[in-house]
>>> print(open('target_20.csv').read())   # CSV, C-alpha atoms
chain,number,residue,atom,x,y,z
A,1,MET,CA,-77.3,111.5,55.9
A,2,THR,CA,-77.7,109.5,52.8
A,3,GLU,CA,-75.2,109.8,49.9
A,4,LYS,CA,-77.7,111.8,47.9
A,5,ALA,CA,-78.4,114.1,50.8
A,6,THR,CA,-74.7,114.7,51.4
A,7,GLU,CA,-74.2,115.5,47.7
A,8,LEU,CA,-77.1,117.9,47.7
A,9,ALA,CA,-75.8,119.7,50.8
A,10,ARG,CA,-72.4,120.1,49.1
A,11,VAL,CA,-74.0,121.5,46.0
A,12,ARG,CA,-76.0,124.0,48.1
A,13,GLU,CA,-72.8,125.1,49.7
A,14,GLU,CA,-71.4,125.8,46.3
A,15,ILE,CA,-74.6,127.8,45.4
A,16,ASP,CA,-74.2,129.8,48.6
A,17,ARG,CA,-70.6,130.6,47.6
A,18,VAL,CA,-71.6,131.7,44.1
A,19,ASP,CA,-74.5,133.8,45.5
A,20,THR,CA,-72.1,135.5,47.9
A,21,ALA,CA,-69.8,136.3,45.0
A,22,MET,CA,-72.7,137.6,42.9
A,23,ARG,CA,-73.8,139.9,45.8
A,24,ARG,CA,-70.3,141.5,45.8
A,25,LEU,CA,-70.3,141.8,42.1
A,26,PHE,CA,-73.8,143.3,42.1
A,27,ALA,CA,-72.8,145.9,44.6
A,28,GLU,CA,-69.7,146.7,42.4
A,29,ARG,CA,-71.9,147.0,39.3
A,30,MET,CA,-74.3,149.4,41.0
A,31,GLU,CA,-71.3,151.5,42.1
A,32,LEU,CA,-70.4,151.7,38.4
A,33,ALA,CA,-74.0,152.6,37.7
A,34,GLU,CA,-73.6,155.5,40.1
A,35,GLN,CA,-70.6,156.7,38.1
A,36,VAL,CA,-72.6,156.4,34.9
A,37,VAL,CA,-75.5,158.5,36.1
A,38,ARG,CA,-73.2,161.2,37.5
A,39,ILE,CA,-71.6,161.5,34.0
A,40,LYS,CA,-74.9,161.4,32.2
A,41,ALA,CA,-76.4,164.0,34.6
A,42,SER,CA,-73.5,166.4,33.7
A,43,THR,CA,-73.8,165.8,30.0
A,44,ASN,CA,-77.7,165.5,29.8
A,45,ASP,CA,-77.2,162.1,28.1
A,46,ASP,CA,-80.0,159.5,27.9
A,47,ILE,CA,-80.1,156.8,30.5
A,48,TYR,CA,-82.0,154.4,28.3
A,49,LYS,CA,-80.2,153.3,25.2
A,50,PRO,CA,-82.1,150.3,23.8
A,51,ASP,CA,-79.8,149.8,20.8
A,52,ARG,CA,-76.8,149.6,23.0
A,53,GLU,CA,-78.5,147.2,25.3
A,54,GLN,CA,-79.3,144.9,22.4
A,55,VAL,CA,-75.7,144.9,21.2
A,56,ILE,CA,-74.5,144.0,24.8
A,57,LEU,CA,-77.0,141.2,25.1
A,58,GLY,CA,-75.9,139.8,21.8
A,59,LYS,CA,-72.2,139.9,22.7
A,60,ARG,CA,-72.7,138.5,26.3
A,61,THR,CA,-74.7,135.5,25.1
A,62,GLU,CA,-72.6,134.7,22.0
A,63,GLY,CA,-71.4,131.1,22.0
A,64,MET,CA,-73.5,130.0,24.9
A,65,GLU,CA,-75.6,126.9,24.8
A,66,PRO,CA,-79.0,128.1,23.5
A,67,ALA,CA,-81.1,127.2,26.6
A,68,LEU,CA,-78.6,128.7,28.9
A,69,ALA,CA,-78.2,131.8,26.7
A,70,ASP,CA,-81.9,132.5,26.9
A,71,ALA,CA,-81.8,132.4,30.7
A,72,TYR,CA,-78.7,134.5,30.8
A,73,ARG,CA,-80.2,137.0,28.5
A,74,LEU,CA,-83.2,137.4,30.8
A,75,PHE,CA,-80.8,137.7,33.7
A,76,LEU,CA,-78.9,140.5,32.0
A,77,LYS,CA,-82.0,142.3,30.9
A,78,ARG,CA,-83.2,142.3,34.6
A,79,LEU,CA,-79.9,143.6,35.7
A,80,MET,CA,-80.0,146.4,33.1
A,81,THR,CA,-83.5,147.3,34.2
A,82,LEU,CA,-82.5,147.5,37.9
A,83,SER,CA,-79.5,149.6,36.9
A,84,ARG,CA,-81.7,152.1,35.0
A,85,GLU,CA,-84.2,152.3,37.8
A,86,TYR,CA,-81.3,153.2,40.2
A,87,GLN,CA,-80.1,155.9,37.8
A,88,TYR,CA,-83.6,157.4,37.4
A,89,ARG,CA,-83.9,157.6,41.2
A,90,ARG,CA,-80.5,159.4,41.4
A,91,LEU,CA,-80.9,161.7,38.4
A,92,PRO,CA,-83.1,164.4,40.1
A,93,GLU,CA,-80.7,164.6,43.0
A,94,LEU,CA,-77.8,165.2,40.6
A,95,THR,CA,-79.4,167.9,38.5
A,96,GLU,CA,-81.0,171.3,39.2
A,97,LEU,CA,-84.3,170.0,37.9
A,98,PRO,CA,-87.1,169.9,40.5
A,99,SER,CA,-87.9,166.2,41.3
A,100,SER,CA,-91.6,166.7,40.9
A,101,GLY,CA,-91.2,167.8,37.2
A,102,PRO,CA,-88.1,166.1,35.8
A,103,GLY,CA,-87.1,166.1,32.2
A,104,ASP,CA,-86.0,168.3,29.4
A,105,GLY,CA,-89.3,169.9,28.6
A,106,HIS,CA,-90.6,167.1,26.3
A,107,GLU,CA,-92.2,165.4,29.3
A,108,LYS,CA,-94.3,168.5,30.1
A,109,ASP,CA,-96.2,167.7,26.9
A,110,MET,CA,-96.9,164.2,28.2
A,111,ILE,CA,-97.8,164.8,31.8
A,112,SER,CA,-100.8,167.0,32.7
A,113,PRO,CA,-103.4,167.4,35.5
A,114,ALA,CA,-106.4,165.1,35.0
A,115,LYS,CA,-109.2,163.4,36.8
A,116,PRO,CA,-108.3,159.8,37.3
A,117,GLU,CA,-111.8,158.7,36.3
A,118,ASN,CA,-111.5,160.1,32.8
A,119,PRO,CA,-108.0,161.4,32.0
A,120,PRO,CA,-107.5,163.4,28.8
A,121,VAL,CA,-105.0,162.0,26.4
A,122,ARG,CA,-101.9,164.1,25.7
A,123,THR,CA,-99.4,162.6,23.3
A,124,ASP,CA,-95.9,163.2,22.1
A,125,SER,CA,-94.8,164.0,18.6
A,126,ASP,CA,-95.7,160.6,17.1
A,127,ALA,CA,-99.2,160.7,18.8
A,128,SER,CA,-99.0,157.3,20.4
A,129,LYS,CA,-98.0,157.8,24.0
A,130,CYS,CA,-99.4,159.6,27.0
A,131,LEU,CA,-99.0,160.1,30.7
A,132,SER,CA,-101.6,162.1,32.7
A,133,GLU,CA,-101.2,162.6,36.5
A,134,ALA,CA,-103.8,163.5,39.1
A,135,GLU,CA,-104.8,163.3,42.7
A,136,GLY,CA,-106.7,160.1,43.6
A,137,LYS,CA,-108.8,159.1,46.6
A,138,GLY,CA,-107.1,159.3,50.0
A,139,GLY,CA,-104.4,161.6,48.6
A,140,ASN,CA,-103.0,159.0,46.3
A,141,ARG,CA,-101.3,160.2,43.2
A,142,CYS,CA,-102.7,158.5,40.1
A,143,LEU,CA,-101.4,158.1,36.6
A,144,ALA,CA,-103.1,157.3,33.3
A,145,ILE,CA,-100.9,155.8,30.6
A,146,ARG,CA,-101.6,155.2,26.9
A,147,PHE,CA,-98.9,154.1,24.5
A,148,ALA,CA,-98.3,151.9,21.5
A,149,CYS,CA,-96.4,148.8,22.5
A,150,PRO,CA,-94.6,146.4,20.2
A,151,ASP,CA,-96.5,143.2,19.8
A,152,SER,CA,-93.5,141.1,20.7
A,153,PRO,CA,-92.7,138.7,23.5
A,154,GLY,CA,-91.8,140.4,26.8
A,155,ALA,CA,-92.3,144.0,25.5
A,156,LEU,CA,-95.4,144.8,27.7
A,157,ALA,CA,-94.0,142.7,30.5
A,158,ASP,CA,-90.9,144.8,30.7
A,159,VAL,CA,-93.0,148.0,31.2
A,160,LEU,CA,-95.2,146.3,33.8
A,161,THR,CA,-92.1,145.0,35.7
A,162,ILE,CA,-90.7,148.6,35.9
A,163,ILE,CA,-94.1,149.8,37.3
A,164,GLY,CA,-94.1,147.0,39.9
A,165,ASP,CA,-90.5,147.6,40.9
A,166,TYR,CA,-91.4,151.1,42.1
A,167,GLY,CA,-94.3,149.8,44.1
A,168,ALA,CA,-97.0,151.3,41.9
A,169,GLN,CA,-100.4,149.5,41.7
A,170,ILE,CA,-102.1,148.8,38.4
A,171,ARG,CA,-105.7,149.6,38.9
A,172,GLU,CA,-106.8,148.9,35.4
A,173,LEU,CA,-105.1,147.6,32.2
A,174,ARG,CA,-106.4,147.4,28.7
A,175,VAL,CA,-104.8,146.1,25.6
A,176,LYS,CA,-106.5,146.6,22.2
A,177,GLU,CA,-105.8,146.7,18.5
A,178,THR,CA,-107.5,150.1,17.9
A,179,SER,CA,-107.4,153.5,19.6
A,180,ASP,CA,-109.6,156.5,18.7
A,181,GLY,CA,-110.3,154.8,15.4
A,182,THR,CA,-106.7,154.2,14.6
A,183,GLU,CA,-105.7,150.6,14.0
A,184,ALA,CA,-102.4,149.3,15.3
A,185,SER,CA,-99.8,148.0,12.9
A,186,ASP,CA,-99.1,144.3,12.5
A,187,HIS,CA,-96.3,144.6,15.1
A,188,GLN,CA,-97.9,146.7,17.8
A,189,VAL,CA,-100.9,147.0,20.1
A,190,PHE,CA,-102.4,150.0,22.0
A,191,VAL,CA,-102.0,149.8,25.8
A,192,SER,CA,-103.8,152.0,28.4
A,193,ALA,CA,-103.5,151.6,32.1
A,194,GLU,CA,-104.4,153.5,35.3
A,195,LEU,CA,-101.9,153.3,38.1
A,196,ILE,CA,-101.8,154.3,41.8
A,197,LEU,CA,-98.3,155.8,42.2
A,198,PRO,CA,-96.1,154.8,45.2
A,199,ARG,CA,-96.5,157.1,48.3
A,200,GLU,CA,-92.8,157.7,48.5
A,201,LYS,CA,-92.3,160.8,46.4
A,202,ARG,CA,-88.8,159.9,45.3
A,203,ASP,CA,-90.1,156.6,43.8
A,204,ALA,CA,-93.2,158.2,42.2
A,205,ASP,CA,-91.1,160.9,40.6
A,206,ALA,CA,-88.5,158.4,39.4
A,207,LEU,CA,-91.2,156.2,37.9
A,208,LEU,CA,-92.8,159.2,36.1
A,209,LEU,CA,-89.4,160.2,34.7
A,210,GLN,CA,-88.5,156.7,33.6
A,211,LEU,CA,-91.9,156.1,31.9
A,212,SER,CA,-91.8,159.5,30.2
A,213,LYS,CA,-88.3,158.7,28.8
A,214,GLU,CA,-88.8,155.1,27.8
A,215,ILE,CA,-92.3,154.4,26.6
A,216,CYS,CA,-91.8,156.9,23.8
A,217,ARG,CA,-88.9,154.7,22.6
A,218,LEU,CA,-90.6,151.3,22.5
>>> encode(input="target_20.csv", output="structure tokens")
Amino acid sequence: MTEKATELARVREEIDRVDTAMRRLFAERMELAEQVVRIKASTNDDIYKPDREQVILGKRTEGMEPALADAYRLFLKRLMTLSREYQYRRLPELTELPSSGPGDGHEKDMISPAKPENPPVRTDSDASKCLSEAEGKGGNRCLAIRFACPDSPGALADVLTIIGDYGAQIRELRVKETSDGTEASDHQVFVSAELILPREKRDADALLLQLSKEICRL
């Protein structure tokens, strides 16, 4: 081996060592997420707390070199998303709520039977978000979503990432500046999408729960 090849092999061994340590720490962190969701299930506390997440991201990246801080911020955001998804999967199992209709009653106003070809819009109190569920072709469960999304970098991508993590398919996605004659503000756009929910009921129910809890807080 050349000197450069030898050096590269050594560096790769160090990366493998770090990756192994990160795997152990990730498992430890998810064990802590399990403790968190058990406590929150018993106290009916929210899983998603965006203000707290922003504070944590600021503290964890404070003092880092800017380019590295940006990358580490994205890493932490991804880790937080995975932690929340794990908790939403566990929450129905830790409560007396039926997994096919999770929530505190507020979600029932947001989820309603609908034909996937032309789902009616049901909104929450600020009249900007909606989830409508229905049976699709071949027994697939379909979901129509409409919500106001911040017109800021990564905001819509965060929602789409969550949808993809559960294995849902996006059949149609539309982003526009007006909805039913209402114009979006300077800092938001209207998003509507039609999804095919994952066949695994646990994943589909967890996705419904997470979307119903989080898109109303964007």
>>> closest_residue(input="target_20.csv", among="A:Thr95, A:Gln87, A:Gln188, A:Thr43", to="Leu207 (chain A)", atoms="all atoms listed in the file")
A:Gln87
>>> residues_around(input="target_20.csv", residues="region 14-26 of chain A", least_positions_apart="6", cutoff="10 Å", atoms="only C-alpha atoms", output="PyMOL selection string")
chain A and resi 8+32+79+83
>>> residues_around(input="target_20.csv", residues="Val36 (chain A)", least_positions_apart="5", cutoff="12 Å", atoms="all atoms listed in the file", output="list in words")
Arg29, Met30, Glu31, Ala41, Ser42, Thr43, Asn44, Asp45, Asp46, Ile47, Tyr48, Ser83, Arg84, Tyr86, Gln87, Tyr88, Arg90, Leu91 and Leu94 of chain A
>>> atom_distance(input="target_20.csv", atom1="CA of Ala204 (chain A)", atom2="CA of Tyr166 (chain A)")
7.3 Å
>>> closest_residue(input="target_20.csv", among="A:Met1, A:Ile196, A:Ile215, A:Ala33", to="Glu85 (chain A)", atoms="all atoms listed in the file")
A:Ala33
>>> closest_residue(input="target_20.csv", among="A:Pro50, A:Pro66, A:Gly58, A:Gly139", to="Arg199 (chain A)", atoms="all atoms listed in the file")
A:Gly139
>>> residues_around(input="target_20.csv", residues="His187 (chain A)", least_positions_apart="6", cutoff="12 Å", atoms="all atoms listed in the file", output="ChimeraX atom specification")
/A:148-153,155,177,218
>>> closest_residue(input="target_20.csv", among="A:Val175, A:Ile39, A:Ile162, A:Val191", to="Asp203 (chain A)", atoms="all atoms listed in the file")
A:Ile162
>>> atom_distance(input="target_20.csv", atom1="CA of Phe147 (chain A)", atom2="CA of Lys213 (chain A)")
12.3 Å
>>> atom_distance(input="target_20.csv", atom1="CA of Ser192 (chain A)", atom2="CA of Asp51 (chain A)")
25.3 Å
>>> residues_around(input="target_20.csv", residues="Gly164 (chain A)", least_positions_apart="4", cutoff="12 Å", atoms="all atoms listed in the file", output="list of chain:residue names")
A:Leu82, A:Glu85, A:Ala157, A:Asp158, A:Val159, A:Leu160, A:Ala168, A:Gln169, A:Ile170, A:Arg171, A:Leu195, A:Ile196, A:Leu197, A:Pro198, A:Asp203, A:Ala204, A:Leu207
>>> write_last_selection(input="target_20.csv", atoms="C-alpha atoms", output="PDB file, in the frame of the given file")
ATOM      1  CA  LEU A  82     -82.500 147.500  37.900  1.00  0.00           C
ATOM      2  CA  GLU A  85     -84.200 152.300  37.800  1.00  0.00           C
ATOM      3  CA  ALA A 157     -94.000 142.700  30.500  1.00  0.00           C
ATOM      4  CA  ASP A 158     -90.900 144.800  30.700  1.00  0.00           C
ATOM      5  CA  VAL A 159     -93.000 148.000  31.200  1.00  0.00           C
ATOM      6  CA  LEU A 160     -95.200 146.300  33.800  1.00  0.00           C
ATOM      7  CA  ALA A 168     -97.000 151.300  41.900  1.00  0.00           C
ATOM      8  CA  GLN A 169    -100.400 149.500  41.700  1.00  0.00           C
ATOM      9  CA  ILE A 170    -102.100 148.800  38.400  1.00  0.00           C
ATOM     10  CA  ARG A 171    -105.700 149.600  38.900  1.00  0.00           C
ATOM     11  CA  LEU A 195    -101.900 153.300  38.100  1.00  0.00           C
ATOM     12  CA  ILE A 196    -101.800 154.300  41.800  1.00  0.00           C
ATOM     13  CA  LEU A 197     -98.300 155.800  42.200  1.00  0.00           C
ATOM     14  CA  PRO A 198     -96.100 154.800  45.200  1.00  0.00           C
ATOM     15  CA  ASP A 203     -90.100 156.600  43.800  1.00  0.00           C
ATOM     16  CA  ALA A 204     -93.200 158.200  42.200  1.00  0.00           C
ATOM     17  CA  LEU A 207     -91.200 156.200  37.900  1.00  0.00           C
TER      18      LEU A 207
END
